[in-house]
Every structure is written in structure tokens, then in C-alpha cells.
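Participant: Input upload-v3.pdb, format and content: PDB, C-alpha atoms.
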```pdb
ATOM      1  CA  MET A   1    -110.656   1.804-172.690
ATOM      2  CA  GLU A   2    -111.007   4.701-170.220
ATOM      3  CA  GLU A   3    -108.604   4.788-167.244
ATOM      4  CA  LYS A   4    -109.862   6.126-163.932
ATOM      5  CA  ASP A   5    -106.592   6.443-162.032
ATOM      6  CA  LEU A   6    -104.506   9.573-161.976
ATOM      7  CA  GLY A   7    -100.751   9.455-161.397
ATOM      8  CA  LYS A   8     -99.762   9.826-157.733
ATOM      9  CA  TYR A   9     -97.854  13.062-158.435
ATOM     10  CA  THR A  10    -100.874  14.475-160.300
ATOM     11  CA  VAL A  11    -102.965  13.945-157.167
ATOM     12  CA  SER A  12    -100.375  14.941-154.557
ATOM     13  CA  PHE A  13     -99.266  18.136-156.322
ATOM     14  CA  ALA A  14    -102.891  19.128-157.021
ATOM     15  CA  VAL A  15    -103.661  18.937-153.296
ATOM     16  CA  SER A  16    -100.406  20.744-152.559
ATOM     17  CA  LEU A  17    -101.360  23.446-155.096
ATOM     18  CA  GLY A  18    -104.752  24.085-153.476
ATOM     19  CA  ILE A  19    -103.309  24.194-149.950
ATOM     20  CA  THR A  20    -100.337  26.391-150.959
ATOM     21  CA  CYS A  21    -102.613  28.931-152.678
ATOM     22  CA  VAL A  22    -104.651  29.394-149.493
ATOM     23  CA  LEU A  23    -101.548  29.471-147.246
ATOM     24  CA  SER A  24     -99.940  32.040-149.570
ATOM     25  CA  ALA A  25    -103.030  34.264-149.359
ATOM     26  CA  LEU A  26    -103.087  33.955-145.558
ATOM     27  CA  LEU A  27     -99.395  34.913-145.483
ATOM     28  CA  VAL A  28    -100.297  38.085-147.425
ATOM     29  CA  VAL A  29    -102.766  39.063-144.698
ATOM     30  CA  LEU A  30    -100.361  38.076-141.917
ATOM     31  CA  LYS A  31     -97.374  40.017-143.268
ATOM     32  CA  GLU A  32     -99.428  43.121-144.084
ATOM     33  CA  LEU A  33    -100.994  43.141-140.617
ATOM     34  CA  SER A  34     -97.624  42.485-138.924
ATOM     35  CA  GLU A  35     -95.509  45.181-140.568
ATOM     36  CA  HIS A  36     -93.087  45.411-137.657
ATOM     37  CA  SER A  37     -92.497  41.709-137.161
ATOM     38  CA  VAL A  38     -93.379  39.264-139.974
ATOM     39  CA  LEU A  39     -92.863  41.759-142.823
ATOM     40  CA  VAL A  40     -89.538  42.939-141.372
ATOM     41  CA  TRP A  41     -88.360  39.336-141.006
ATOM     42  CA  MET A  42     -89.441  38.514-144.585
ATOM     43  CA  LYS A  43     -87.568  41.545-145.915
ATOM     44  CA  GLY A  44     -84.479  40.624-143.901
ATOM     45  CA  ALA A  45     -84.474  36.964-144.957
ATOM     46  CA  THR A  46     -83.852  37.574-148.680
ATOM     47  CA  GLY A  47     -83.698  41.358-149.088
ATOM     48  CA  HIS A  48     -87.325  41.672-150.263
ATOM     49  CA  HIS A  49     -90.543  40.345-148.714
ATOM     50  CA  TRP A  50     -91.848  39.275-152.142
ATOM     51  CA  ILE A  51     -88.814  37.043-152.798
ATOM     52  CA  THR A  52     -89.271  35.396-149.383
ATOM     53  CA  HIS A  53     -92.998  34.982-150.111
ATOM     54  CA  GLY A  54     -92.266  33.342-153.473
ATOM     55  CA  LEU A  55     -89.685  31.001-151.922
ATOM     56  CA  PHE A  56     -92.152  30.085-149.146
ATOM     57  CA  ASP A  57     -94.778  29.180-151.756
ATOM     58  CA  LEU A  58     -92.377  27.117-153.848
ATOM     59  CA  ILE A  59     -90.941  25.237-150.874
ATOM     60  CA  VAL A  60     -94.402  24.445-149.441
ATOM     61  CA  PHE A  61     -95.674  23.373-152.892
ATOM     62  CA  VAL A  62     -92.733  21.045-153.606
ATOM     63  CA  VAL A  63     -92.292  19.592-150.090
ATOM     64  CA  LEU A  64     -96.031  19.034-149.543
ATOM     65  CA  GLY A  65     -96.412  17.518-153.019
ATOM     66  CA  LEU A  66     -93.542  15.076-152.430
ATOM     67  CA  LEU A  67     -94.737  14.178-148.910
ATOM     68  CA  LEU A  68     -98.301  13.497-150.055
ATOM     69  CA  ALA A  69     -96.943  11.320-152.879
ATOM     70  CA  ARG A  70     -95.190   9.150-150.255
ATOM     71  CA  ALA A  71     -98.358   8.621-148.188
ATOM     72  CA  ASN A  72    -100.104   5.226-148.021
ATOM     73  CA  GLY A  73     -96.835   3.306-148.216
ATOM     74  CA  GLY A  74     -95.625   5.185-151.291
ATOM     75  CA  SER A  75     -98.784   4.884-153.389
ATOM     76  CA  GLY A  76     -99.856   8.456-152.607
ATOM     77  CA  ILE A  77    -103.149   9.849-151.338
ATOM     78  CA  ALA A  78    -106.421   8.757-152.917
ATOM     79  CA  ILE A  79    -108.931  11.439-153.907
ATOM     80  CA  SER A  80    -111.730  11.328-156.457
ATOM     81  CA  GLU A  81    -111.476  13.323-159.682
ATOM     82  CA  LYS A  82    -114.244  15.680-158.489
ATOM     83  CA  GLY A  83    -112.528  16.198-155.149
ATOM     84  CA  LEU A  84    -109.250  16.964-156.869
ATOM     85  CA  ILE A  85    -110.765  19.575-159.180
ATOM     86  CA  THR A  86    -112.624  21.114-156.215
ATOM     87  CA  ILE A  87    -109.329  21.406-154.302
ATOM     88  CA  ILE A  88    -107.518  23.038-157.258
ATOM     89  CA  VAL A  89    -110.283  25.480-158.235
ATOM     90  CA  GLY A  90    -111.325  26.073-154.635
ATOM     91  CA  GLY A  91    -107.745  26.819-153.556
ATOM     92  CA  VAL A  92    -107.124  29.265-156.407
ATOM     93  CA  VAL A  93    -110.510  31.015-156.065
ATOM     94  CA  LEU A  94    -110.363  31.200-152.252
ATOM     95  CA  GLY A  95    -106.748  32.406-152.325
ATOM     96  CA  GLY A  96    -107.590  35.026-154.953
ATOM     97  CA  LEU A  97    -110.630  36.229-153.000
ATOM     98  CA  ILE A  98    -108.650  36.512-149.752
ATOM     99  CA  ILE A  99    -105.940  38.573-151.483
ATOM    100  CA  ALA A 100    -108.321  40.767-153.517
ATOM    101  CA  GLY A 101    -110.692  41.195-150.560
ATOM    102  CA  PHE A 102    -107.862  42.159-148.230
ATOM    103  CA  TYR A 103    -106.435  44.836-150.538
ATOM    104  CA  LEU A 104    -109.925  46.074-151.401
ATOM    105  CA  ILE A 105    -110.508  46.734-147.700
ATOM    106  CA  ALA A 106    -106.957  47.669-146.670
ATOM    107  CA  GLY A 107    -106.106  49.585-149.863
TER     108      GLY A 107
ATOM    109  CA  MET B   1     -84.639  53.368-178.636
ATOM    110  CA  LEU B   2     -85.982  51.202-175.807
ATOM    111  CA  SER B   3     -84.418  51.634-172.369
ATOM    112  CA  PHE B   4     -83.368  48.598-170.308
ATOM    113  CA  THR B   5     -86.410  48.916-168.005
ATOM    114  CA  GLU B   6     -88.808  49.255-170.945
ATOM    115  CA  MET B   7     -87.203  46.195-172.518
ATOM    116  CA  LEU B   8     -87.621  44.231-169.258
ATOM    117  CA  LEU B   9     -91.313  45.115-169.116
ATOM    118  CA  MET B  10     -91.871  44.233-172.784
ATOM    119  CA  VAL B  11     -90.181  40.844-172.296
ATOM    120  CA  HIS B  12     -92.227  40.246-169.100
ATOM    121  CA  VAL B  13     -95.508  41.001-170.875
ATOM    122  CA  GLY B  14     -94.409  39.044-173.967
ATOM    123  CA  PHE B  15     -93.729  35.851-172.023
ATOM    124  CA  GLY B  16     -96.980  36.357-170.074
ATOM    125  CA  MET B  17     -98.927  36.563-173.325
ATOM    126  CA  LEU B  18     -97.138  33.481-174.696
ATOM    127  CA  CYS B  19     -98.130  31.639-171.492
ATOM    128  CA  ILE B  20    -101.799  32.574-172.015
ATOM    129  CA  VAL B  21    -101.749  31.602-175.704
ATOM    130  CA  ALA B  22    -100.028  28.268-174.929
ATOM    131  CA  SER B  23    -102.545  27.466-172.159
ATOM    132  CA  VAL B  24    -105.466  28.117-174.548
ATOM    133  CA  TRP B  25    -103.663  25.870-177.064
ATOM    134  CA  VAL B  26    -103.455  23.104-174.425
ATOM    135  CA  PHE B  27    -107.158  23.563-173.569
ATOM    136  CA  VAL B  28    -108.274  23.220-177.204
ATOM    137  CA  ASP B  29    -105.854  20.367-177.922
ATOM    138  CA  VAL B  30    -107.169  18.422-174.899
ATOM    139  CA  LEU B  31    -110.753  18.866-176.124
ATOM    140  CA  ASN B  32    -109.621  17.036-179.268
ATOM    141  CA  VAL B  33    -107.168  14.645-177.625
ATOM    142  CA  ASN B  34    -106.036  11.403-179.257
ATOM    143  CA  GLU B  35    -102.837   9.352-179.328
ATOM    144  CA  ASN B  36    -101.465  11.566-182.124
ATOM    145  CA  ASN B  37    -101.498  14.894-180.252
ATOM    146  CA  LEU B  38    -100.470  13.621-176.794
ATOM    147  CA  THR B  39     -96.806  14.543-177.263
ATOM    148  CA  ARG B  40     -97.748  18.016-178.501
ATOM    149  CA  ILE B  41    -100.020  18.578-175.484
ATOM    150  CA  ARG B  42     -97.209  17.580-173.107
ATOM    151  CA  LYS B  43     -94.694  19.829-174.879
ATOM    152  CA  THR B  44     -97.121  22.775-174.952
ATOM    153  CA  SER B  45     -97.943  22.240-171.252
ATOM    154  CA  LEU B  46     -94.229  22.388-170.503
ATOM    155  CA  ALA B  47     -94.018  25.557-172.627
ATOM    156  CA  VAL B  48     -96.790  27.114-170.475
ATOM    157  CA  ALA B  49     -94.671  26.502-167.363
ATOM    158  CA  VAL B  50     -91.452  27.772-169.004
ATOM    159  CA  PHE B  51     -93.143  30.937-170.360
ATOM    160  CA  MET B  52     -94.715  31.628-166.971
ATOM    161  CA  TRP B  53     -91.413  31.210-165.154
ATOM    162  CA  LEU B  54     -89.691  33.556-167.609
ATOM    163  CA  ALA B  55     -92.508  36.139-167.251
ATOM    164  CA  TYR B  56     -92.189  35.822-163.459
ATOM    165  CA  LEU B  57     -88.395  36.197-163.398
ATOM    166  CA  PHE B  58     -88.258  39.179-165.792
ATOM    167  CA  GLY B  59     -91.264  40.850-164.123
ATOM    168  CA  GLY B  60     -89.904  40.114-160.657
ATOM    169  CA  TYR B  61     -86.515  41.654-161.496
ATOM    170  CA  TRP B  62     -88.245  44.813-162.753
ATOM    171  CA  TYR B  63     -90.588  44.923-159.757
ATOM    172  CA  ILE B  64     -87.802  44.616-157.192
ATOM    173  CA  PHE B  65     -85.288  46.989-158.768
ATOM    174  CA  TYR B  66     -87.317  49.523-160.799
ATOM    175  CA  TYR B  67     -90.957  49.644-159.691
ATOM    176  CA  GLY B  68     -90.263  52.009-156.765
ATOM    177  CA  THR B  69     -90.109  55.032-159.096
ATOM    178  CA  ASP B  70     -93.403  54.163-160.799
ATOM    179  CA  LYS B  71     -95.023  53.477-157.423
ATOM    180  CA  ALA B  72     -94.102  56.954-156.157
ATOM    181  CA  ILE B  73     -95.528  58.525-159.346
ATOM    182  CA  ILE B  74     -98.754  56.467-159.117
ATOM    183  CA  LEU B  75     -99.364  57.333-155.455
ATOM    184  CA  LYS B  76     -99.100  61.075-156.214
ATOM    185  CA  GLY B  77    -101.450  60.787-159.193
ATOM    186  CA  PRO B  78    -105.242  60.477-159.592
ATOM    187  CA  TRP B  79    -105.184  56.656-159.748
ATOM    188  CA  PRO B  80    -103.487  55.554-156.473
ATOM    189  CA  PHE B  81    -105.667  52.408-156.513
ATOM    190  CA  SER B  82    -103.635  51.148-159.485
ATOM    191  CA  HIS B  83    -100.903  50.471-156.917
ATOM    192  CA  SER B  84    -102.794  50.001-153.642
ATOM    193  CA  PHE B  85    -105.178  47.452-155.136
ATOM    194  CA  PHE B  86    -104.079  46.266-158.583
ATOM    195  CA  MET B  87    -100.310  46.017-158.071
ATOM    196  CA  GLU B  88    -100.586  44.635-154.548
ATOM    197  CA  MET B  89    -103.135  42.059-155.717
ATOM    198  CA  LYS B  90    -101.181  41.214-158.894
ATOM    199  CA  GLU B  91     -97.838  40.644-157.181
ATOM    200  CA  HIS B  92     -99.406  38.024-154.908
ATOM    201  CA  VAL B  93    -101.965  36.363-157.200
ATOM    202  CA  VAL B  94     -99.190  35.860-159.761
ATOM    203  CA  LEU B  95     -97.500  33.480-157.298
ATOM    204  CA  MET B  96    -100.590  31.240-157.482
ATOM    205  CA  LEU B  97    -100.500  31.475-161.274
ATOM    206  CA  LEU B  98     -96.851  30.369-161.189
ATOM    207  CA  LEU B  99     -97.814  27.265-159.194
ATOM    208  CA  LEU B 100    -100.747  26.514-161.519
ATOM    209  CA  ALA B 101     -98.508  26.762-164.595
ATOM    210  CA  THR B 102     -95.837  24.617-162.904
ATOM    211  CA  TYR B 103     -98.458  21.970-162.121
ATOM    212  CA  LEU B 104     -99.846  21.810-165.680
ATOM    213  CA  PRO B 105     -97.063  19.605-167.175
ATOM    214  CA  ILE B 106     -97.379  17.262-164.175
ATOM    215  CA  ALA B 107    -101.103  16.791-164.892
ATOM    216  CA  ALA B 108    -100.417  16.499-168.637
ATOM    217  CA  SER B 109     -97.937  13.657-168.047
ATOM    218  CA  ASN B 110    -100.907  11.254-167.658
ATOM    219  CA  ASN B 111    -102.311   9.495-170.698
ATOM    220  CA  LEU B 112    -104.989  12.033-171.584
ATOM    221  CA  ALA B 113    -106.266   9.940-174.467
ATOM    222  CA  THR B 114    -107.390   7.174-172.107
ATOM    223  CA  SER B 115    -107.959   8.974-168.790
ATOM    224  CA  ARG B 116    -111.103  11.082-168.550
ATOM    225  CA  ALA B 117    -110.118  12.236-165.046
ATOM    226  CA  ALA B 118    -106.738  13.506-166.259
ATOM    227  CA  ARG B 119    -108.386  15.316-169.185
ATOM    228  CA  LYS B 120    -110.753  17.127-166.807
ATOM    229  CA  VAL B 121    -107.904  18.156-164.494
ATOM    230  CA  VAL B 122    -105.826  19.480-167.414
ATOM    231  CA  LEU B 123    -108.836  21.342-168.846
ATOM    232  CA  TRP B 124    -109.513  23.040-165.500
ATOM    233  CA  VAL B 125    -105.866  23.922-164.891
ATOM    234  CA  SER B 126    -105.170  25.241-168.408
ATOM    235  CA  GLY B 127    -108.458  27.195-168.294
ATOM    236  CA  LEU B 128    -107.491  28.715-164.936
ATOM    237  CA  VAL B 129    -104.017  29.627-166.234
ATOM    238  CA  ALA B 130    -105.605  31.457-169.186
ATOM    239  CA  LEU B 131    -108.212  33.273-167.045
ATOM    240  CA  VAL B 132    -105.877  34.260-164.208
ATOM    241  CA  GLY B 133    -103.234  35.207-166.813
ATOM    242  CA  MET B 134    -105.686  37.564-168.530
ATOM    243  CA  ALA B 135    -106.618  39.078-165.155
ATOM    244  CA  MET B 136    -102.896  39.695-164.504
ATOM    245  CA  ASP B 137    -102.489  41.213-167.964
ATOM    246  CA  GLY B 138    -105.442  43.555-167.359
ATOM    247  CA  SER B 139    -104.060  44.541-163.952
ATOM    248  CA  GLY B 140    -100.726  45.361-165.598
ATOM    249  CA  ALA B 141    -102.539  47.627-168.055
ATOM    250  CA  ILE B 142    -104.270  49.467-165.185
ATOM    251  CA  ILE B 143    -100.929  49.891-163.368
ATOM    252  CA  SER B 144     -99.408  51.385-166.560
ATOM    253  CA  MET B 145    -102.396  53.709-166.850
ATOM    254  CA  GLY B 146    -101.847  54.744-163.214
ATOM    255  CA  VAL B 147     -98.376  56.004-164.179
ATOM    256  CA  LYS B 148     -99.623  57.590-167.402
ATOM    257  CA  VAL B 149    -102.479  59.598-165.852
ATOM    258  CA  ALA B 150    -100.152  60.776-163.083
ATOM    259  CA  LEU B 151     -97.742  62.183-165.648
ATOM    260  CA  LEU B 152    -100.380  63.955-167.748
ATOM    261  CA  PRO B 153    -100.348  67.776-167.410
ATOM    262  CA  LYS B 154    -103.122  68.979-165.081
TER     263      LYS B 154
END
```
Let me see the file written as C-alpha cells.
Facilitator:
Amino acid sequence: MEEKDLGKYTVSFAVSLGITCVLSALLVVLKELSEHSVLVWMKGATGHHWITHGLFDLIVFVVLGLLLARANGGSGIAISEKGLITIIVGGVVLGGLIIAGFYLIAG
Amino acid sequence: MLSFTEMLLMVHVGFGMLCIVASVWVFVDVLNVNENNLTRIRKTSLAVAVFMWLAYLFGGYWYIFYYGTDKAIILKGPWPFSHSFFMEMKEHVVLMLLLLATYLPIAASNNLATSRAARKVVLWVSGLVALVGMAMDGSGAIISMGVKVALLPK
């Protein structure tokens, strides 16, 4: 018999993945356009802006995933299978387009 | 004899390729999922994440400590876009690939033999890992070519 439900961590971390991808791409634009403030801070925080960027992504992904899993009294958020796939693919594609588009113009 | 930096790059590319191959394996295995290959799918999904993390750590170490020399060579050569577009894009898109690969074993922890929704999620994620991984591999090749053409005698 076919099951319809996905595990709560499958749903929460999928949503977290989509959101983190877009936030990460926006951080690329922000740090590149703020070379004397955001980029300097990111370099100073860990010694290299890329390490800080990676840590930001990982922390957002894990914290958001765990928080969303605790929503609705611990049963996690409810999203349809189609919605979930749209969030994953949409997040990755949008994030990739923002990054590629930015460097295509700025580069 | 390979130098330390060459070795780092080879290991980085090697783990990246293993990640792509393992994600294609997961994709095909999920298309033919049953109770007998569930454990293998979960183990291979975990391998995708482990290979990606290793590719990221080895590549990241090389990028932070050794890429500066190559970057200077590229920017003085005829292919400056191999840094200004391909490297800049690669170093940030790869962070999304890392998250995708990390998520794959979470999605594969569902019972894929009985859950159509979980199968679709795993198919999309493993497919994306393979496609984005190949794009990263191609970008790496263009970056290498950027160094090579800059060093060719004029």
C-alpha cells in the first residue's frame, strides 16, 4: 500500500534547503556590493569570507530545519509533495540564477 | 611526481566525481525501488553526502590556501572570465550543492518502497545533485583551462 506522508524532517529540511539556497545567493550579492562593510566583516569573522559564508549556510540550514520540524506542536509543517519539490527545485534554480546572473553582470 | 597542491586538486575532483556517480546510482536504484534495495539506496545516499563533504573540504582547503597564485595567472591571461565568472559562480553554487547532498540521506530515510512522495523527492534531489555536480565539474575544467592558456607562450 502506498504511503502519502513524508517524515517531518524530510519536509522541514526540504523547506530549509530551498530557503537557505536563496538566502545564500542574496548574501553573495550583498557581500559583493558591500566590499567595505559586509565583506570585511565576513573576512574578519573566520579569516576568509567563503568560510563565513559556508558556516552561515550550514547554520541557517540546520537551525531552520530543526525549528520547522518542531512547528505544529512537534509534528512539523505540512506541505504537499508538489509544493515540497517546487520549494527544493525552485530554491536551487533561483539561487543559481541569482549567483550566475550577478557574476555575469558584475564580472 | 605529484606536488601537494596537485594531489589536493586530484582528490577534490575525485570525490566530486564519486559524488556524481553515487547520485546517479541513487536515481537509478530509486526508479527500481523495492524492499530489497532500500538499504543500498540509503547507504548510497549517505555516500553521496560523505563524498560531497570530502570534495568540499579538500577543494576548500586548496581554494583558501593555494588558489591565489592561479587567480593572478588567470587574470593576466586571455581567459579572465574563467575566474571572474566561473570560479566566482562555482565557489558559491557549490555551497548549495553541499546542502542538497546533505539533504539526500534525510529524504532517503523514508520508506521509498511504499511512499510515492518520498520517491519523487529523492529522484529530484539526486537528479539535481548529479546535474549541479556536472556543472561544477565543467566549471573546474574551464578554470584549469584559464590557467593553461595564460601560461602558453604568446
Participant: Within 8 Å of chain B, which residues of chain A show up? Give each one with its shortest atom-to-atom distance in Å (one decimal) and the two atoms involved, counting all atoms listed in the file, rows by chain then rising residue number, as CSV.
Facilitator:
```
residue,atom,partner,partner_atom,distance
A:Met1,CA,B:Thr114,CA,6.3
A:Glu2,CA,B:Thr114,CA,4.8
A:Glu3,CA,B:Ser115,CA,4.5
A:Lys4,CA,B:Ser115,CA,5.9
A:Asp5,CA,B:Ser115,CA,7.3
A:Leu6,CA,B:Ala118,CA,6.2
A:Gly7,CA,B:Asn110,CA,6.5
A:Tyr9,CA,B:Ile106,CA,7.1
A:Thr10,CA,B:Ala107,CA,5.1
A:Phe13,CA,B:Tyr103,CA,7.0
A:Ala14,CA,B:Tyr103,CA,7.3
A:Leu17,CA,B:Leu99,CA,6.6
A:Cys21,CA,B:Met96,CA,5.7
A:Ser24,CA,B:Met96,CA,8.0
A:Ala25,CA,B:His92,CA,7.6
A:Val28,CA,B:His92,CA,7.5
A:His48,CA,B:Ile64,CA,7.5
A:Trp50,CA,B:Glu91,CA,7.9
A:Gly54,CA,B:Leu95,CA,6.5
A:Asp57,CA,B:Leu95,CA,7.5
A:Leu58,CA,B:Leu99,CA,7.6
A:Phe61,CA,B:Leu99,CA,7.7
A:Glu81,CA,B:Ala117,CA,5.6
A:Leu84,CA,B:Val121,CA,7.8
A:Ile85,CA,B:Val121,CA,6.2
A:Ile88,CA,B:Val125,CA,7.9
A:Val89,CA,B:Trp124,CA,7.7
A:Val92,CA,B:Met96,CA,6.9
A:Gly95,CA,B:Val93,CA,7.9
A:Gly96,CA,B:Val93,CA,6.2
A:Ile99,CA,B:Met89,CA,6.2
A:Ala100,CA,B:Met89,CA,5.8
A:Tyr103,CA,B:Phe85,CA,5.4
A:Leu104,CA,B:Phe85,CA,6.2
A:Gly107,CA,B:Ser84,CA,5.0
```
Participant: For the residues selected in the previous step, produce a file with C-alpha atoms as a PDB file, keeping the file's coordinate frame.
Facilitator:
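Result file result-v5.pdb:
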```
ATOM      1  CA  MET A   1    -110.656   1.804-172.690  1.00  0.00           C
ATOM      2  CA  GLU A   2    -111.007   4.701-170.220  1.00  0.00           C
ATOM      3  CA  GLU A   3    -108.604   4.788-167.244  1.00  0.00           C
ATOM      4  CA  LYS A   4    -109.862   6.126-163.932  1.00  0.00           C
ATOM      5  CA  ASP A   5    -106.592   6.443-162.032  1.00  0.00           C
ATOM      6  CA  LEU A   6    -104.506   9.573-161.976  1.00  0.00           C
ATOM      7  CA  GLY A   7    -100.751   9.455-161.397  1.00  0.00           C
ATOM      8  CA  TYR A   9     -97.854  13.062-158.435  1.00  0.00           C
ATOM      9  CA  THR A  10    -100.874  14.475-160.300  1.00  0.00           C
ATOM     10  CA  PHE A  13     -99.266  18.136-156.322  1.00  0.00           C
ATOM     11  CA  ALA A  14    -102.891  19.128-157.021  1.00  0.00           C
ATOM     12  CA  LEU A  17    -101.360  23.446-155.096  1.00  0.00           C
ATOM     13  CA  CYS A  21    -102.613  28.931-152.678  1.00  0.00           C
ATOM     14  CA  SER A  24     -99.940  32.040-149.570  1.00  0.00           C
ATOM     15  CA  ALA A  25    -103.030  34.264-149.359  1.00  0.00           C
ATOM     16  CA  VAL A  28    -100.297  38.085-147.425  1.00  0.00           C
ATOM     17  CA  HIS A  48     -87.325  41.672-150.263  1.00  0.00           C
ATOM     18  CA  TRP A  50     -91.848  39.275-152.142  1.00  0.00           C
ATOM     19  CA  GLY A  54     -92.266  33.342-153.473  1.00  0.00           C
ATOM     20  CA  ASP A  57     -94.778  29.180-151.756  1.00  0.00           C
ATOM     21  CA  LEU A  58     -92.377  27.117-153.848  1.00  0.00           C
ATOM     22  CA  PHE A  61     -95.674  23.373-152.892  1.00  0.00           C
ATOM     23  CA  GLU A  81    -111.476  13.323-159.682  1.00  0.00           C
ATOM     24  CA  LEU A  84    -109.250  16.964-156.869  1.00  0.00           C
ATOM     25  CA  ILE A  85    -110.765  19.575-159.180  1.00  0.00           C
ATOM     26  CA  ILE A  88    -107.518  23.038-157.258  1.00  0.00           C
ATOM     27  CA  VAL A  89    -110.283  25.480-158.235  1.00  0.00           C
ATOM     28  CA  VAL A  92    -107.124  29.265-156.407  1.00  0.00           C
ATOM     29  CA  GLY A  95    -106.748  32.406-152.325  1.00  0.00           C
ATOM     30  CA  GLY A  96    -107.590  35.026-154.953  1.00  0.00           C
ATOM     31  CA  ILE A  99    -105.940  38.573-151.483  1.00  0.00           C
ATOM     32  CA  ALA A 100    -108.321  40.767-153.517  1.00  0.00           C
ATOM     33  CA  TYR A 103    -106.435  44.836-150.538  1.00  0.00           C
ATOM     34  CA  LEU A 104    -109.925  46.074-151.401  1.00  0.00           C
ATOM     35  CA  GLY A 107    -106.106  49.585-149.863  1.00  0.00           C
TER      36      GLY A 107
END
```
Participant: Would you kindly translate the PyMOL selection byres ((chain B and resi 140) around 9) into the concrete residues it picks from this file, as a list in words?
Facilitator: Val13, Ser82, Phe86, Met87, Lys90, Ala135, Met136, Asp137, Gly138, Ser139, Ala141, Ile142, Ile143, Ser144 and Met145 of chain B
Participant: When you look at B:Met52 with a cut-off of 9 Å (counting only C-alpha atoms), what residues show up, excluding the ones that are within fewer than 5 positions of it in the same chain? I need them as a ChimeraX atom specification.
Facilitator: /B:15-16,18-20,47,57,97-98,101-102
Participant: Could you tell me how far atom CA of A:Gly76 lies from atom CA of A:Val62, in Å and to one decimal?
Facilitator: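 Between these atoms lies a distance of 14.5 Å.
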Participant: So what do you get for atom CA of B:Met17 versus atom CA of A:Gly101, distance-wise?
Facilitator: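 Spanning atom CA of B:Met17 to atom CA of A:Gly101 is a straight-line distance of 26.0 Å.
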Participant: Translate the PyMOL selection byres ((chain B and resi 58) around 9) into a concrete residue list for this structure, as a list in words.
Facilitator: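 On the file shown, the PyMOL selection byres ((chain B and resi 58) around 9) covers Leu8, Leu9, Val11, His12, Phe15, Trp53, Leu54, Ala55, Tyr56, Leu57, Gly59, Gly60, Tyr61, Trp62 and Tyr63 of chain B.
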Participant: Expressed in Å to a single decimal, how great is the separation between atom CA of A:Glu32 and atom CA of A:Thr52?
Facilitator: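 Calculated distance between atom CA of A:Glu32 and atom CA of A:Thr52 is 13.8 Å.
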Participant: Once the PyMOL selection byres ((chain B and resi 150) around 7) has been evaluated on this model, what residues remain selected, and can you format them as a list in words?
Facilitator: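 Applying the expression gives Ile73, Ile74, Lys76, Gly77, Pro78, Gly146, Val147, Lys148, Val149, Leu151 and Leu152 of chain B.
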Participant: Pick out the closest residue to B:Ile41 from this set: B:Arg119, B:Lys71, B:Met10, B:Phe65. Count only C-alpha atoms.
Facilitator: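 The closest residue to B:Ile41 is B:Arg119.
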Participant: Please return, as a list of chain:residue names, all polymer residues that have at least one atom within 12 Å of the point (-94.1, 45.1, -142.4); use only C-alpha atoms and the file's own coordinate frame.
Facilitator: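 Returned residue set, sorted by chain then number, is A:Leu27, A:Val28, A:Val29, A:Leu30, A:Lys31, A:Glu32, A:Leu33, A:Ser34, A:Glu35, A:His36, A:Ser37, A:Val38, A:Leu39, A:Val40, A:Trp41, A:Met42, A:Lys43, A:Gly44, A:His48, A:His49, A:Trp50.
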Participant: Please return the centre and edge lengths, in Å to one decimal, of a box with edges along x, y and z that contains all listed atoms of stretch 41-48 of chain B, widened by 6 Å on every side, as JSON.
Facilitator:
```
{"center_x": -97.0, "center_y": 22.3, "center_z": -173.0, "size_x": 18.0, "size_y": 21.5, "size_z": 17.0}
```
